[in-house]
$ cat my_file-v8.cif   # mmCIF, C-alpha atoms
data_query
#
loop_
_atom_site.group_PDB
_atom_site.id
_atom_site.type_symbol
_atom_site.label_atom_id
_atom_site.label_comp_id
_atom_site.auth_asym_id
_atom_site.auth_seq_id
_atom_site.Cartn_x
_atom_site.Cartn_y
_atom_site.Cartn_z
ATOM 1 C CA ALA A 1 81.309 52.638 68.399
ATOM 2 C CA VAL A 2 77.725 53.800 68.827
ATOM 3 C CA LYS A 3 76.030 54.270 72.196
ATOM 4 C CA VAL A 4 72.245 54.662 72.035
ATOM 5 C CA GLN A 5 70.168 55.728 75.015
ATOM 6 C CA TYR A 6 67.462 53.284 76.063
ATOM 7 C CA PRO A 7 64.116 54.726 74.911
ATOM 8 C CA GLY A 8 62.237 56.526 77.677
ATOM 9 C CA ILE A 9 65.002 56.317 80.260
ATOM 10 C CA ASP A 10 65.539 60.089 80.211
ATOM 11 C CA THR A 11 61.857 60.744 80.972
ATOM 12 C CA ALA A 12 61.699 58.115 83.713
ATOM 13 C CA MET A 13 64.907 59.139 85.443
ATOM 14 C CA GLY A 14 64.296 62.842 84.885
ATOM 15 C CA SER A 15 60.912 62.755 86.605
ATOM 16 C CA ASP A 16 62.288 60.743 89.522
ATOM 17 C CA LEU A 17 65.256 63.054 89.983
ATOM 18 C CA ALA A 18 63.046 66.141 89.702
ATOM 19 C CA ASN A 19 61.234 65.185 92.907
ATOM 20 C CA ALA A 20 63.839 66.694 95.209
ATOM 21 C CA GLU A 21 61.783 66.544 98.385
ATOM 22 C CA LEU A 22 61.231 62.803 97.970
ATOM 23 C CA LEU A 23 64.944 62.273 97.414
ATOM 24 C CA TYR A 24 65.773 64.341 100.508
ATOM 25 C CA ALA A 25 63.376 62.255 102.591
ATOM 26 C CA MET A 26 64.658 58.914 101.270
ATOM 27 C CA PHE A 27 68.300 59.861 101.803
ATOM 28 C CA SER A 28 67.618 61.294 105.268
ATOM 29 C CA ALA A 29 66.087 57.995 106.337
ATOM 30 C CA VAL A 30 69.382 56.145 105.876
ATOM 31 C CA ALA A 31 71.984 58.880 106.321
ATOM 32 C CA LEU A 32 73.722 59.995 109.493
ATOM 33 C CA LYS A 33 72.176 63.047 111.091
ATOM 34 C CA SER A 34 75.450 64.974 110.745
ATOM 35 C CA LEU A 35 75.323 64.837 106.935
ATOM 36 C CA ASP A 36 74.151 67.784 104.855
ATOM 37 C CA VAL A 37 71.598 65.701 102.983
ATOM 38 C CA LYS A 38 70.358 68.439 100.651
ATOM 39 C CA ALA A 39 73.840 69.294 99.410
ATOM 40 C CA LEU A 40 74.688 65.619 98.816
ATOM 41 C CA VAL A 41 71.441 64.918 96.975
ATOM 42 C CA GLU A 42 71.837 68.011 94.793
ATOM 43 C CA GLU A 43 75.366 66.993 93.787
ATOM 44 C CA LEU A 44 74.245 63.469 92.902
ATOM 45 C CA ARG A 45 71.179 64.758 91.026
ATOM 46 C CA ARG A 46 73.301 67.090 88.909
ATOM 47 C CA ARG A 47 75.756 64.357 87.981
ATOM 48 C CA MET A 48 73.014 61.820 87.177
ATOM 49 C CA LEU A 49 71.058 64.308 85.074
ATOM 50 C CA ASP A 50 74.270 65.076 83.187
ATOM 51 C CA GLU A 51 74.499 61.403 82.219
ATOM 52 C CA LEU A 52 71.177 61.628 80.382
ATOM 53 C CA ASP A 53 72.482 64.164 77.858
ATOM 54 C CA TYR A 54 75.008 62.541 75.548
ATOM 55 C CA ARG A 55 75.950 65.966 74.182
ATOM 56 C CA LEU A 56 77.562 66.684 77.559
ATOM 57 C CA GLU A 57 79.320 63.315 77.493
ATOM 58 C CA ALA A 58 80.564 64.021 73.966
ATOM 59 C CA SER A 59 81.945 67.367 75.130
ATOM 60 C CA CYS A 60 83.688 65.771 78.116
ATOM 61 C CA GLN A 61 85.148 62.941 76.037
ATOM 62 C CA THR A 62 86.380 65.424 73.428
ATOM 63 C CA ASP A 63 88.062 67.411 76.186
ATOM 64 C CA PHE A 64 89.825 64.308 77.520
ATOM 65 C CA ALA A 65 90.792 63.110 74.031
ATOM 66 C CA GLN A 66 92.435 66.464 73.316
ATOM 67 C CA ARG A 67 94.161 66.638 76.700
ATOM 68 C CA TYR A 68 95.698 63.171 76.325
ATOM 69 C CA ARG A 69 96.448 63.157 72.616
ATOM 70 C CA GLY A 70 99.827 61.499 72.057
ATOM 71 C CA HIS A 71 100.125 60.440 75.699
ATOM 72 C CA PRO A 72 102.544 57.520 76.251
ATOM 73 C CA PHE A 73 100.107 55.250 78.107
ATOM 74 C CA VAL A 74 96.644 56.883 78.105
ATOM 75 C CA HIS A 75 94.292 56.888 75.114
ATOM 76 C CA VAL A 76 90.808 58.374 74.788
ATOM 77 C CA PRO A 77 88.834 57.760 71.561
ATOM 78 C CA ASP A 78 87.711 60.784 69.562
ATOM 79 C CA VAL A 79 84.022 61.611 69.262
ATOM 80 C CA VAL A 80 82.392 61.691 65.820
ATOM 81 C CA PRO A 81 80.278 64.845 66.299
ATOM 82 C CA GLU A 82 78.267 64.603 63.064
ATOM 83 C CA TYR A 83 76.812 61.285 64.290
ATOM 84 C CA SER A 84 76.255 62.292 67.925
ATOM 85 C CA THR A 85 73.120 63.807 69.466
ATOM 86 C CA ARG A 86 71.450 64.098 72.870
ATOM 87 C CA ARG A 87 70.593 60.383 72.794
ATOM 88 C CA VAL A 88 73.299 58.957 70.520
ATOM 89 C CA LEU A 89 77.050 59.073 71.053
ATOM 90 C CA THR A 90 79.378 57.929 68.273
ATOM 91 C CA THR A 91 83.120 57.583 68.822
ATOM 92 C CA HIS A 92 86.067 56.021 67.057
ATOM 93 C CA TRP A 93 86.282 52.270 67.536
ATOM 94 C CA VAL A 94 89.119 50.895 69.672
ATOM 95 C CA ASP A 95 90.190 47.266 69.740
ATOM 96 C CA GLY A 96 91.679 45.914 72.938
ATOM 97 C CA MET A 97 91.244 43.445 75.750
ATOM 98 C CA SER A 98 88.233 43.693 78.024
ATOM 99 C CA TRP A 99 88.751 43.554 81.785
ATOM 100 C CA SER A 100 88.124 39.803 81.970
ATOM 101 C CA GLU A 101 90.351 39.116 78.959
ATOM 102 C CA PHE A 102 93.129 41.213 80.440
ATOM 103 C CA LEU A 103 92.993 39.405 83.800
ATOM 104 C CA ALA A 104 93.159 36.056 82.001
ATOM 105 C CA ARG A 105 96.017 36.938 79.621
ATOM 106 C CA ALA A 106 98.249 39.570 81.220
ATOM 107 C CA ASP A 107 101.513 38.567 82.880
ATOM 108 C CA GLU A 108 102.699 40.174 86.122
ATOM 109 C CA PRO A 109 104.818 42.995 84.577
ATOM 110 C CA LEU A 110 101.931 44.014 82.306
ATOM 111 C CA ARG A 111 99.479 44.037 85.239
ATOM 112 C CA GLN A 112 101.806 46.242 87.246
ATOM 113 C CA ARG A 113 102.333 48.636 84.358
ATOM 114 C CA VAL A 114 98.601 48.936 83.712
ATOM 115 C CA GLY A 115 97.833 49.422 87.411
ATOM 116 C CA GLU A 116 100.256 52.331 87.585
ATOM 117 C CA ALA A 117 98.920 53.768 84.324
ATOM 118 C CA MET A 118 95.347 53.759 85.628
ATOM 119 C CA PHE A 119 96.406 55.319 88.924
ATOM 120 C CA ARG A 120 98.337 58.034 87.108
ATOM 121 C CA PHE A 121 95.416 58.813 84.796
ATOM 122 C CA THR A 122 93.129 59.327 87.794
ATOM 123 C CA GLN A 123 95.545 61.525 89.746
ATOM 124 C CA GLY A 124 96.518 63.560 86.700
ATOM 125 C CA ALA A 125 92.884 64.307 85.916
ATOM 126 C CA ILE A 126 92.097 65.311 89.510
ATOM 127 C CA TYR A 127 95.097 67.532 90.183
ATOM 128 C CA ARG A 128 96.220 68.782 86.770
ATOM 129 C CA ALA A 129 93.181 68.789 84.515
ATOM 130 C CA ARG A 130 90.771 69.606 87.401
ATOM 131 C CA VAL A 131 88.163 67.413 85.716
ATOM 132 C CA PHE A 132 87.891 63.681 86.295
ATOM 133 C CA ASN A 133 85.844 60.659 85.364
ATOM 134 C CA GLY A 134 83.707 59.675 88.355
ATOM 135 C CA ASP A 135 82.944 56.136 87.179
ATOM 136 C CA PRO A 136 86.005 53.864 87.625
ATOM 137 C CA HIS A 137 84.273 50.686 86.441
ATOM 138 C CA PRO A 138 86.089 47.674 84.913
ATOM 139 C CA GLY A 139 83.884 47.850 81.839
ATOM 140 C CA ASN A 140 85.085 51.351 81.039
ATOM 141 C CA TYR A 141 88.563 50.353 79.856
ATOM 142 C CA ARG A 142 90.279 48.564 76.997
ATOM 143 C CA PHE A 143 93.744 47.157 77.615
ATOM 144 C CA HIS A 144 96.606 46.734 75.155
ATOM 145 C CA GLU A 145 99.650 44.481 74.973
ATOM 146 C CA ASP A 146 102.050 47.432 75.198
ATOM 147 C CA GLY A 147 100.622 48.536 78.567
ATOM 148 C CA THR A 148 98.566 51.419 77.265
ATOM 149 C CA VAL A 149 94.968 51.788 78.430
ATOM 150 C CA THR A 150 92.001 53.189 76.524
ATOM 151 C CA PHE A 151 89.515 54.994 78.760
ATOM 152 C CA LEU A 152 85.829 54.922 77.836
ATOM 153 C CA ASP A 153 82.535 56.357 79.154
ATOM 154 C CA PHE A 154 82.676 59.986 80.216
ATOM 155 C CA GLY A 155 79.057 60.335 81.278
ATOM 156 C CA LEU A 156 79.831 60.916 84.959
ATOM 157 C CA VAL A 157 82.440 63.660 84.961
ATOM 158 C CA LYS A 158 83.192 66.049 87.802
ATOM 159 C CA ARG A 159 84.717 69.459 87.141
ATOM 160 C CA TRP A 160 86.135 71.241 90.152
ATOM 161 C CA ALA A 161 84.311 74.496 90.782
ATOM 162 C CA PRO A 162 86.495 77.413 91.948
ATOM 163 C CA GLY A 163 87.681 76.707 95.479
ATOM 164 C CA GLU A 164 86.523 73.069 95.682
ATOM 165 C CA LEU A 165 89.890 71.399 95.145
ATOM 166 C CA GLU A 166 91.588 74.114 97.192
ATOM 167 C CA SER A 167 89.357 73.278 100.169
ATOM 168 C CA LEU A 168 90.320 69.585 100.045
ATOM 169 C CA VAL A 169 94.060 69.705 99.268
ATOM 170 C CA PRO A 170 95.095 71.105 102.701
ATOM 171 C CA LEU A 171 93.729 67.939 104.322
ATOM 172 C CA ILE A 172 96.210 65.613 102.624
ATOM 173 C CA ASP A 173 99.536 66.648 104.165
ATOM 174 C CA PRO A 174 98.537 66.297 107.848
ATOM 175 C CA LEU A 175 96.754 63.044 107.043
ATOM 176 C CA LEU A 176 99.851 61.555 105.421
ATOM 177 C CA ASP A 177 102.148 63.082 108.052
ATOM 178 C CA ARG A 178 100.117 61.449 110.857
ATOM 179 C CA ASP A 179 99.270 64.824 112.389
ATOM 180 C CA PRO A 180 95.857 64.376 114.088
ATOM 181 C CA ASP A 181 95.524 67.895 115.492
ATOM 182 C CA THR A 182 96.135 69.605 112.160
ATOM 183 C CA ILE A 183 93.936 67.236 110.183
ATOM 184 C CA VAL A 184 91.025 67.863 112.559
ATOM 185 C CA HIS A 185 91.527 71.626 112.369
ATOM 186 C CA ARG A 186 91.496 71.522 108.579
ATOM 187 C CA MET A 187 88.506 69.181 108.499
ATOM 188 C CA ILE A 188 86.578 71.875 110.356
ATOM 189 C CA ASP A 189 87.649 74.466 107.765
ATOM 190 C CA ALA A 190 86.587 72.139 104.902
ATOM 191 C CA GLY A 191 83.180 71.351 106.397
ATOM 192 C CA PHE A 192 83.796 67.743 107.478
ATOM 193 C CA LEU A 193 83.439 68.536 111.198
ATOM 194 C CA ALA A 194 81.680 71.142 113.310
ATOM 195 C CA GLU A 195 83.831 73.268 115.612
ATOM 196 C CA ASP A 196 82.176 71.778 118.724
ATOM 197 C CA HIS A 197 82.667 68.151 117.625
ATOM 198 C CA GLY A 198 84.345 67.121 120.901
ATOM 199 C CA LEU A 199 86.175 64.185 119.311
ATOM 200 C CA ASP A 200 89.665 62.881 120.095
ATOM 201 C CA PRO A 201 91.845 63.974 117.124
ATOM 202 C CA GLN A 202 93.788 60.701 117.199
ATOM 203 C CA ARG A 203 90.597 58.683 116.753
ATOM 204 C CA VAL A 204 89.476 60.956 113.916
ATOM 205 C CA TRP A 205 92.802 60.429 112.131
ATOM 206 C CA GLU A 206 92.602 56.658 112.618
ATOM 207 C CA TYR A 207 89.148 56.642 111.040
ATOM 208 C CA VAL A 208 89.692 58.951 108.064
ATOM 209 C CA SER A 209 93.109 57.509 107.182
ATOM 210 C CA ALA A 210 91.665 54.084 106.276
ATOM 211 C CA PRO A 211 91.545 54.714 102.491
ATOM 212 C CA TYR A 212 95.022 56.282 102.530
ATOM 213 C CA VAL A 213 97.012 53.365 103.916
ATOM 214 C CA PRO A 214 98.718 52.855 100.504
ATOM 215 C CA TYR A 215 100.397 56.259 100.949
ATOM 216 C CA LEU A 216 101.414 55.672 104.564
ATOM 217 C CA GLU A 217 103.751 52.788 103.742
ATOM 218 C CA ASP A 218 107.001 52.803 101.757
ATOM 219 C CA GLU A 219 105.547 50.232 99.365
ATOM 220 C CA PHE A 220 102.035 48.875 99.246
ATOM 221 C CA THR A 221 100.286 46.053 97.392
ATOM 222 C CA PHE A 222 96.586 46.542 96.768
ATOM 223 C CA THR A 223 94.645 43.340 97.399
ATOM 224 C CA PRO A 224 91.091 42.266 96.502
ATOM 225 C CA ASP A 225 89.901 42.684 100.087
ATOM 226 C CA PHE A 226 91.650 45.975 100.886
ATOM 227 C CA ALA A 227 88.854 48.257 99.651
ATOM 228 C CA SER A 228 86.069 46.102 101.088
ATOM 229 C CA SER A 229 87.685 45.779 104.516
ATOM 230 C CA ALA A 230 88.589 49.486 104.710
ATOM 231 C CA LEU A 231 85.144 50.524 103.511
ATOM 232 C CA GLY A 232 83.559 48.124 105.973
ATOM 233 C CA LYS A 233 85.437 49.865 108.773
ATOM 234 C CA LEU A 234 84.191 53.259 107.602
ATOM 235 C CA LEU A 235 80.552 52.140 107.342
ATOM 236 C CA ASP A 236 80.261 50.120 110.552
ATOM 237 C CA LEU A 237 77.641 52.108 112.457
ATOM 238 C CA ASP A 238 78.079 49.906 115.523
ATOM 239 C CA GLY A 239 81.862 49.661 115.289
ATOM 240 C CA PRO A 240 84.608 51.258 117.362
ATOM 241 C CA TYR A 241 84.392 54.559 115.458
ATOM 242 C CA ALA A 242 80.637 55.044 115.696
ATOM 243 C CA ASP A 243 81.137 58.265 117.676
ATOM 244 C CA VAL A 244 83.352 59.702 114.934
ATOM 245 C CA MET A 245 80.871 58.726 112.209
ATOM 246 C CA ALA A 246 78.047 60.429 114.068
ATOM 247 C CA LYS A 247 79.846 63.790 113.909
ATOM 248 C CA LEU A 248 81.186 63.665 110.342
ATOM 249 C CA ASN A 249 79.732 65.505 107.373
ATOM 250 C CA LEU A 250 80.550 64.746 103.730
ATOM 251 C CA PRO A 251 80.876 67.986 101.737
ATOM 252 C CA ALA A 252 79.184 67.809 98.353
ATOM 253 C CA SER A 253 82.479 68.554 96.601
ATOM 254 C CA PHE A 254 83.893 65.280 97.981
ATOM 255 C CA VAL A 255 81.072 62.937 96.915
ATOM 256 C CA ILE A 256 82.288 61.990 93.426
ATOM 257 C CA LEU A 257 85.948 62.035 94.484
ATOM 258 C CA ASP A 258 85.131 59.552 97.240
ATOM 259 C CA ARG A 259 83.544 57.260 94.647
ATOM 260 C CA VAL A 260 86.714 57.454 92.562
ATOM 261 C CA ILE A 261 88.979 56.660 95.542
ATOM 262 C CA TRP A 262 87.099 53.480 96.382
ATOM 263 C CA GLY A 263 86.473 52.403 92.804
ATOM 264 C CA MET A 264 90.118 52.741 91.835
ATOM 265 C CA SER A 265 91.229 50.948 95.018
ATOM 266 C CA ALA A 266 89.005 48.000 94.097
ATOM 267 C CA ILE A 267 90.398 47.841 90.546
ATOM 268 C CA LEU A 268 94.005 48.052 91.739
ATOM 269 C CA GLY A 269 93.176 45.308 94.235
ATOM 270 C CA ARG A 270 92.065 42.976 91.456
ATOM 271 C CA LEU A 271 95.395 43.687 89.732
ATOM 272 C CA ARG A 272 97.350 43.304 92.988
ATOM 273 C CA ALA A 273 99.111 46.486 91.961
ATOM 274 C CA ARG A 274 102.317 47.099 93.906
ATOM 275 C CA ASN A 275 104.246 50.357 93.998
ATOM 276 C CA ARG A 276 105.577 53.251 96.035
ATOM 277 C CA TRP A 277 102.303 55.130 95.707
ATOM 278 C CA ARG A 278 103.036 58.242 97.736
ATOM 279 C CA PRO A 279 105.925 59.474 95.537
ATOM 280 C CA ILE A 280 103.692 58.950 92.507
ATOM 281 C CA LEU A 281 100.866 60.876 94.165
ATOM 282 C CA ASP A 282 103.316 63.665 95.007
ATOM 283 C CA GLU A 283 104.151 64.046 91.322
ATOM 284 C CA TYR A 284 100.603 65.258 90.756
ATOM 285 C CA ARG A 285 99.780 67.163 93.922
ATOM 286 C CA LEU A 286 103.238 68.674 94.563
ATOM 287 C CA ASP A 287 104.784 68.562 91.063
ATOM 288 C CA ALA A 288 107.562 66.335 92.464
ATOM 289 C CA PRO A 289 110.099 64.740 90.081
ATOM 290 C CA PRO A 290 109.031 61.452 88.440
ATOM 291 C CA THR A 291 110.031 58.289 90.271
ATOM 292 C CA THR A 292 109.185 55.533 87.759
ATOM 293 C CA GLU A 293 109.579 54.815 84.053
ATOM 294 C CA LEU A 294 105.949 55.802 83.395
ATOM 295 C CA GLY A 295 106.463 59.009 85.317
ATOM 296 C CA ARG A 296 109.469 59.900 83.192
ATOM 297 C CA LEU A 297 107.591 59.090 79.981
ATOM 298 C CA GLU A 298 104.720 61.308 81.044
ATOM 299 C CA ALA A 299 107.057 64.125 82.096
ATOM 300 C CA ALA A 300 108.696 64.050 78.656
ATOM 301 C CA TRP A 301 105.282 64.122 76.984
ATOM 302 C CA ARG A 302 104.189 67.097 79.087
ATOM 303 C CA ALA A 303 107.396 68.933 78.251
ATOM 304 C CA GLY A 304 106.623 68.437 74.574
ATOM 305 C CA GLN A 305 103.116 69.870 75.042
ATOM 306 C CA ARG A 306 104.395 73.239 76.249
#

$ encode --input "my_file-v8.cif" --output "structure tokens"
Amino acid sequence: AVKVQYPGIDTAMGSDLANAELLYAMFSAVALKSLDVKALVEELRRRMLDELDYRLEASCQTDFAQRYRGHPFVHVPDVVPEYSTRRVLTTHWVDGMSWSEFLARADEPLRQRVGEAMFRFTQGAIYRARVFNGDPHPGNYRFHEDGTVTFLDFGLVKRWAPGELESLVPLIDPLLDRDPDTIVHRMIDAGFLAEDHGLDPQRVWEYVSAPYVPYLEDEFTFTPDFASSALGKLLDLDGPYADVMAKLNLPASFVILDRVIWGMSAILGRLRARNRWRPILDEYRLDAPPTTELGRLEAAWRAGQR
């Protein structure tokens, strides 16, 4: 499989992205005043510039291919380095169903298995590998009859810098435990809120918990409109949480992770994936025992890697 960069795109995008002041001004015109615009723009610029150099993508894909070699339900094609350059990426070919083919052909058990496999790949990368693919797009996968998934396109990859993940992890427990006071306190520490925000902690929790509903219920089924309705609530500048939105910042370390959360929610919605998602999440963030067949398969594979 050969990926060739469109001629001139690196020059065009590079010159646009180099004009930082213009980007700051454009983003400031549409962003909330509480946002640290420069930090957000710099994070996005770095990730987009990375995508222009296929040598970086080759390195990232090689890293993932090595990490997941022999995995029971995740496959990443190897790079062919002798045929890869800054503008050309060559990898091993993988047959498999495209997204549209999979939706048309897969029965319910296969959809559920694949949904869990994709969720596990994302969480494992974030919490265990500390490097994750920031582009959960339906075109970036190939699906197989046995429930395994091949993951493609590692151009937009985020590696946690020292301290980044550690600043975000403390937010999860109080959010899932419905503890408004603690979540607000930790949001201040992580840079999401200023100390003098003056907001009602309960309203802050109600707002920020919208994407995490799947982990607040014993069992949850993602639906096609879950991500859109939850995201609509978070972006409604004239809605009931406008006062909360006006005080919130989005730390740069969270930008790509936020994209992954929403992108994966949309994909799982198309699959109508159903599971007990919090115990699965806890396997990755708390090293809890596996709770499903896929979890046990992965645990056995990890044990064999040591």

$ residues_around --input "my_file-v8.cif" --residues "A:Leu193" --least-positions-apart "2" --cutoff "7 Å" --atoms "all atoms listed in the file" --output "mmCIF file with C-alpha atoms, in the coordinates of the input"
data_model
loop_
_atom_site.group_PDB
_atom_site.id
_atom_site.type_symbol
_atom_site.label_atom_id
_atom_site.label_comp_id
_atom_site.auth_asym_id
_atom_site.auth_seq_id
_atom_site.Cartn_x
_atom_site.Cartn_y
_atom_site.Cartn_z
ATOM 1 C CA MET A 187 88.506 69.181 108.499
ATOM 2 C CA ILE A 188 86.578 71.875 110.356
ATOM 3 C CA GLY A 191 83.180 71.351 106.397
ATOM 4 C CA GLU A 195 83.831 73.268 115.612
ATOM 5 C CA HIS A 197 82.667 68.151 117.625
ATOM 6 C CA LYS A 247 79.846 63.790 113.909
ATOM 7 C CA LEU A 248 81.186 63.665 110.342
ATOM 8 C CA ASN A 249 79.732 65.505 107.373
#

$ resolve_selection --input "my_file-v8.cif" --expression "the PyMOL selection byres ((chain A and resi 123-139) around 7)" --output "count of residues only"
22

$ closest_residue --input "my_file-v8.cif" --among "A:Leu165, A:Ile267, A:Ala246, A:Ala252" --to "A:Phe226" --atoms "all atoms listed in the file"
A:Ile267

$ resolve_selection --input "my_file-v8.cif" --expression "the PyMOL selection byres ((chain A and resi 203) around 12)" --output "PyMOL selection string"
chain A and resi 178-181+183-184+198-202+204-210+240-245

$ residues_around --input "my_file-v8.cif" --residues "A:Glu116" --least-positions-apart "4" --cutoff "9 Å" --atoms "all atoms listed in the file" --output "PyMOL selection string"
chain A and resi 111-112+120-121+268+273-275+277+280+294

$ atom_distance --input "my_file-v8.cif" --atom1 "atom CA of A:Leu103" --atom2 "atom CA of A:Leu271"
7.7 Å

$ atom_distance --input "my_file-v8.cif" --atom1 "atom CA of A:Asp258" --atom2 "atom CA of A:Pro214"
15.5 Å
